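final-v3.cif follows (mmCIF, C-alpha atoms):
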data_work
#
loop_
_atom_site.label_atom_id
_atom_site.label_comp_id
_atom_site.auth_asym_id
_atom_site.auth_seq_id
_atom_site.Cartn_x
_atom_site.Cartn_y
_atom_site.Cartn_z
CA MET A 1 77.73 34.12 164.77
CA ASP A 2 76.10 30.83 165.57
CA GLY A 3 76.19 29.41 162.04
CA LYS A 4 72.96 31.06 160.89
CA LYS A 5 72.85 32.89 157.60
CA THR A 6 71.91 36.54 157.75
CA ALA A 7 69.36 38.00 155.40
CA GLY A 8 69.85 41.17 153.41
CA ARG A 9 72.95 43.02 152.38
CA GLN A 10 76.25 42.19 153.98
CA LYS A 11 79.39 44.28 154.23
CA ILE A 12 82.12 42.97 151.97
CA PRO A 13 85.79 43.80 152.33
CA LEU A 14 87.08 46.55 150.05
CA LYS A 15 89.84 45.30 147.76
CA LYS A 16 90.81 45.74 144.14
CA ILE A 17 88.75 43.69 141.72
CA GLU A 18 91.29 41.71 139.74
CA LYS A 19 89.28 40.77 136.64
CA TYR A 20 89.25 43.71 134.20
CA VAL A 21 85.71 43.10 132.89
CA ASP A 22 84.31 42.73 136.41
CA ARG A 23 86.13 45.90 137.48
CA CYS A 24 84.66 47.90 134.56
CA THR A 25 81.15 46.58 135.21
CA THR A 26 81.37 47.31 138.91
CA PHE A 27 82.71 50.80 138.20
CA SER A 28 79.77 51.58 135.93
CA LYS A 29 77.20 50.34 138.47
CA ARG A 30 78.85 52.08 141.41
CA ARG A 31 79.20 55.33 139.42
CA SER A 32 75.47 55.28 138.71
CA GLY A 33 74.74 54.62 142.39
CA LEU A 34 77.10 57.40 143.45
CA TYR A 35 75.41 59.87 141.07
CA LYS A 36 72.02 58.89 142.43
CA LYS A 37 73.14 59.40 146.02
CA ALA A 38 74.81 62.71 145.12
CA SER A 39 71.62 63.86 143.42
CA GLU A 40 69.59 62.96 146.54
CA LEU A 41 72.09 64.81 148.75
CA VAL A 42 71.88 67.92 146.58
CA ARG A 43 68.10 67.81 146.44
CA GLU A 44 67.46 67.14 150.13
CA ASN A 45 70.13 69.47 151.57
CA ASP A 46 70.55 72.16 148.90
CA VAL A 47 74.33 71.75 148.87
CA ASP A 48 77.01 72.42 146.28
CA LEU A 49 78.68 69.20 145.23
CA GLY A 50 81.43 68.14 142.85
CA ILE A 51 82.59 64.60 142.04
CA VAL A 52 85.26 63.75 139.45
CA LEU A 53 86.01 60.13 138.53
CA THR A 54 88.33 58.43 136.06
CA SER A 55 87.31 55.09 134.63
CA PRO A 56 89.44 51.97 134.98
CA THR A 57 89.61 51.59 131.19
CA GLU A 58 92.77 52.18 129.22
CA ALA A 59 91.34 55.44 127.87
CA GLU A 60 91.01 56.82 131.42
CA LYS A 61 87.70 58.48 130.56
CA VAL A 62 86.71 61.21 133.02
CA TYR A 63 83.24 61.44 134.55
CA SER A 64 81.89 64.22 136.72
CA PHE A 65 78.87 65.20 138.75
CA ILE A 66 78.84 68.90 139.56
CA HIS A 67 76.02 70.88 141.08
CA PRO A 68 75.03 73.64 140.55
CA THR A 69 77.98 74.74 138.34
CA HIS A 70 81.69 73.99 138.40
CA TYR A 71 82.37 77.67 139.15
CA ALA A 72 80.14 77.57 142.21
CA VAL A 73 81.70 74.34 143.51
CA ILE A 74 85.29 75.53 142.98
CA ASP A 75 84.55 78.94 144.50
CA ARG A 76 82.91 77.30 147.54
CA PHE A 77 85.89 74.95 147.90
CA MET A 78 88.49 77.71 147.60
CA ASN A 79 86.59 80.23 149.78
CA PRO A 80 84.33 78.28 152.14
CA THR A 81 83.39 81.26 154.32
CA GLN A 82 82.91 83.79 151.51
CA GLU A 83 79.46 84.36 150.04
CA PHE A 84 78.64 84.06 146.33
CA ASP A 85 78.45 87.12 144.21
CA LEU A 86 74.85 87.87 143.18
CA GLY A 87 75.26 86.85 139.52
CA GLU A 88 76.78 83.47 140.37
CA HIS A 89 74.12 82.94 143.02
CA LEU A 90 71.34 83.52 140.46
CA VAL A 91 72.97 81.13 137.99
CA ALA A 92 73.30 78.52 140.73
CA GLU A 93 69.66 78.88 141.78
CA ASN A 94 68.47 78.62 138.18
CA THR A 95 70.62 75.52 137.67
CA ARG A 96 69.25 73.96 140.85
CA LYS A 97 65.72 74.57 139.63
CA LYS A 98 66.45 72.94 136.26
CA VAL A 99 68.16 69.96 137.88
CA ASN A 100 65.23 69.45 140.23
CA GLN A 101 62.78 69.58 137.31
CA LEU A 102 64.84 67.09 135.32
CA ASN A 103 65.19 64.85 138.36
CA ASP A 104 61.40 64.88 138.87
CA ARG A 105 60.93 64.01 135.20
CA LEU A 106 63.48 61.19 135.44
CA ASN A 107 61.77 59.76 138.52
CA GLU A 108 58.41 59.91 136.73
CA LEU A 109 59.84 58.12 133.67
CA ASP A 110 61.43 55.48 135.91
CA ARG A 111 58.05 54.93 137.58
CA ARG A 112 56.30 54.66 134.20
CA GLU A 113 58.92 52.22 132.93
CA LYS A 114 58.47 50.00 135.99
CA ASN A 115 54.69 50.08 135.60
CA ALA A 116 54.97 49.24 131.89
CA LYS A 117 57.30 46.32 132.61
CA ASP A 118 54.96 45.03 135.32
CA ARG A 119 52.01 45.36 132.92
CA MET A 120 53.88 43.52 130.14
CA THR A 121 54.75 40.70 132.51
CA SER A 122 51.15 40.46 133.66
CA LEU A 123 49.81 40.46 130.09
CA SER A 124 52.35 37.85 129.05
CA GLU A 125 51.23 35.57 131.87
CA MET A 126 47.58 36.12 130.96
CA ASN A 127 48.28 35.24 127.31
CA LYS A 128 50.12 32.06 128.29
CA THR A 129 47.19 31.02 130.48
CA ARG A 130 44.62 31.92 127.81
CA GLU A 131 46.51 30.01 125.10
CA LYS A 132 46.89 26.98 127.30
CA SER A 133 43.20 26.99 128.24
CA ARG A 134 42.10 27.31 124.60
CA TRP A 135 44.09 24.29 123.46
CA GLU A 136 43.18 22.24 126.49
CA SER A 137 39.48 22.82 125.78
CA ILE A 138 39.86 21.78 122.11
CA ASP A 139 41.73 18.63 123.15
CA GLN A 140 38.82 17.70 125.41
CA LEU A 141 36.22 17.66 122.60
CA ASN A 142 34.76 14.27 121.71
CA ALA A 143 33.56 13.22 118.24
CA ASP A 144 30.01 14.45 118.86
CA ASP A 145 31.25 17.86 120.05
CA ILE A 146 33.50 18.15 117.00
CA MET A 147 30.57 17.43 114.66
CA LYS A 148 28.42 20.07 116.44
CA PHE A 149 31.25 22.59 116.19
CA GLU A 150 31.69 21.82 112.46
CA ALA A 151 27.94 22.30 111.87
CA TRP A 152 28.05 25.60 113.78
CA LEU A 153 30.93 26.77 111.55
CA ASP A 154 29.00 25.71 108.39
CA ILE A 155 25.92 27.66 109.49
CA GLY A 156 28.12 30.67 110.28
CA GLU A 157 29.64 30.50 106.80
CA VAL A 158 26.20 30.39 105.12
CA MET A 159 24.98 33.33 107.23
CA LEU A 160 28.08 35.38 106.40
CA LYS A 161 27.66 34.71 102.66
CA ASP A 162 23.99 35.79 102.87
CA GLN A 163 24.96 39.00 104.68
CA LEU A 164 27.68 39.67 102.11
CA ARG A 165 25.19 39.29 99.25
CA GLU A 166 22.68 41.58 100.96
CA ALA A 167 25.33 44.20 101.70
CA SER A 168 26.68 44.17 98.17
CA SER A 169 23.21 44.28 96.57
CA SER A 170 22.22 47.24 98.76
CA SER A 171 25.36 49.09 97.67
CA SER A 172 24.43 48.41 94.01
CA GLN A 173 27.60 46.51 93.38
CA SER A 174 27.50 42.84 92.69
CA PRO A 175 30.17 40.64 94.28
CA PRO A 176 32.45 38.63 92.04
CA VAL A 177 30.98 35.28 91.07
CA ASP A 178 33.92 33.40 92.55
CA ALA A 179 33.76 35.26 95.90
CA ASP A 180 34.41 32.74 98.62
CA ILE A 181 34.81 33.25 102.33
#
Here is the file; what I need is its structure written in the form of structure tokens.
Amino acid sequence: MDGKKTAGRQKIPLKKIEKYVDRCTTFSKRRSGLYKKASELVRENDVDLGIVLTSPTEAEKVYSFIHPTHYAVIDRFMNPTQEFDLGEHLVAENTRKKVNQLNDRLNELDRREKNAKDRMTSLSEMNKTREKSRWESIDQLNADDIMKFEAWLDIGEVMLKDQLREASSSSSQSPPVDADI
């Protein structure tokens, strides 16, 4: 290299992560990535796949990704050239179909979540801008503008009271004497 930085992802050396918390976090993220890749491999190539992992925690929790069923994966591993029996083949096909449907649903929900987050961010920015503009415009009023605005509010109050009286008299109920807007 000639001293220039490269953009994008770089290959890092594989070695044990010494800090326990970092190791657990990395395990969780990599496990999710591995499951996603395994799911893509199953979907795109219609293969039988089994992955078994133990976590780096003291409890040694076991995780697995098996498709279509553990029987099908073990049978394929033990007898790679032998065909399925018909019953197991039907179970495997049904499981594949269900997994594909759930995967489609998950992808749709992920897409909706991303759109909702993008929308929330956009609305939040719009609200910040709107709030800022409102207060900036009030700060820019001079004494004459403030008096006009106050008169406009007074007229609006009188008109609202008149409409309230008319509405209550037409409904044959009289408003309380101390009604104030």
When you look at A:Leu90 with a cut-off of 12 Å (counting all atoms listed in the file), what residues show up, excluding the ones that are within fewer than 6 positions of it in the same chain? I need them as a PDB file with C-alpha atoms, in the coordinates of the input.
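Wrote it out as out.pdb, contents follow:
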ATOM      1  CA  PRO A  68      75.030  73.640 140.550  1.00  0.00           C
ATOM      2  CA  THR A  69      77.980  74.740 138.340  1.00  0.00           C
ATOM      3  CA  ALA A  72      80.140  77.570 142.210  1.00  0.00           C
ATOM      4  CA  PHE A  84      78.640  84.060 146.330  1.00  0.00           C
ATOM      5  CA  ARG A  96      69.250  73.960 140.850  1.00  0.00           C
ATOM      6  CA  LYS A  97      65.720  74.570 139.630  1.00  0.00           C
TER       7      LYS A  97
END
| field | Atomic distance atom CA of A:Glu60 - atom CA of A:Thr26, expressed in Å with one decimal | value |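 Distance between the two atoms: 15.5 Å.
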| Option closest in space to A:Asp48, from A:Ser28, A:Thr121, A:Thr95, A:Gln101 [counting all atoms listed in the file] |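 When distances to A:Asp48 are compared using all atoms listed in the file, the smallest one comes from A:Thr95.
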| request: Using all atoms listed in the file, find the one residue out of A:Thr81, A:Ser122, A:Ser169, A:Ser64 that sits nearest to A:Leu34. | output: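 Of all the options, A:Ser64 lies closest to A:Leu34.
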| Nearby residues, (72.7, 58.6, 137.7) file frame, 12 Å, only C-alpha atoms, as a list in words |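 I get Ser28, Lys29, Arg30, Arg31, Ser32, Gly33, Leu34, Tyr35, Lys36, Lys37, Ala38, Ser39, Glu40, Tyr63, Ser64, Phe65, Leu102, Asn103, Leu106, Asn107 and Asp110 of chain A for the residues within 12 Å of that point.
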| message | Which residues, named as in the file, does the PyMOL selection byres ((chain A and resi 73) around 12) pick out? Answer as number ranges by chain. | response | A: 47-52, 65-72, 74-80, 84, 88-89, 92
With C-alpha atoms kept, could you save the residues just selected as a short mmCIF file (atom, residue, chain, number, x, y, z; two decimals), in the frame of the given file?
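Listed below is the output, result-v4.cif:
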data_model
loop_
_atom_site.label_atom_id
_atom_site.label_comp_id
_atom_site.auth_asym_id
_atom_site.auth_seq_id
_atom_site.Cartn_x
_atom_site.Cartn_y
_atom_site.Cartn_z
CA VAL A 47 74.33 71.75 148.87
CA ASP A 48 77.01 72.42 146.28
CA LEU A 49 78.68 69.20 145.23
CA GLY A 50 81.43 68.14 142.85
CA ILE A 51 82.59 64.60 142.04
CA VAL A 52 85.26 63.75 139.45
CA PHE A 65 78.87 65.20 138.75
CA ILE A 66 78.84 68.90 139.56
CA HIS A 67 76.02 70.88 141.08
CA PRO A 68 75.03 73.64 140.55
CA THR A 69 77.98 74.74 138.34
CA HIS A 70 81.69 73.99 138.40
CA TYR A 71 82.37 77.67 139.15
CA ALA A 72 80.14 77.57 142.21
CA ILE A 74 85.29 75.53 142.98
CA ASP A 75 84.55 78.94 144.50
CA ARG A 76 82.91 77.30 147.54
CA PHE A 77 85.89 74.95 147.90
CA MET A 78 88.49 77.71 147.60
CA ASN A 79 86.59 80.23 149.78
CA PRO A 80 84.33 78.28 152.14
CA PHE A 84 78.64 84.06 146.33
CA GLU A 88 76.78 83.47 140.37
CA HIS A 89 74.12 82.94 143.02
CA ALA A 92 73.30 78.52 140.73
#
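Between atom CA of A:Asn142 and atom CA of A:Met159 there is a distance of 25.9 Å.
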Using 5 Å of padding on each side, determine the axis-aligned box around all atoms of stretch 140-145 of chain A present in the file and give its centre and edge lengths in Å to one decimal, as JSON.
{"center_x": 34.4, "center_y": 15.5, "center_z": 121.8, "size_x": 18.8, "size_y": 14.6, "size_z": 17.2}
| Atom-to-atom span, atom CA of A:Arg111 and atom CA of A:Lys128, Å |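 That distance, rounded to one decimal, is 25.9 Å.
Closest approach to A:Asp104 among A:Arg43, A:Lys117, A:Glu157, A:Asp144: A:Arg43, based on only C-alpha atoms.
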| If you apply the PyMOL selection byres ((chain A and resi 57) around 12) to this file, what residues do you get, as a ChimeraX atom specification? | /A:20-25,27-28,53-56,58-62
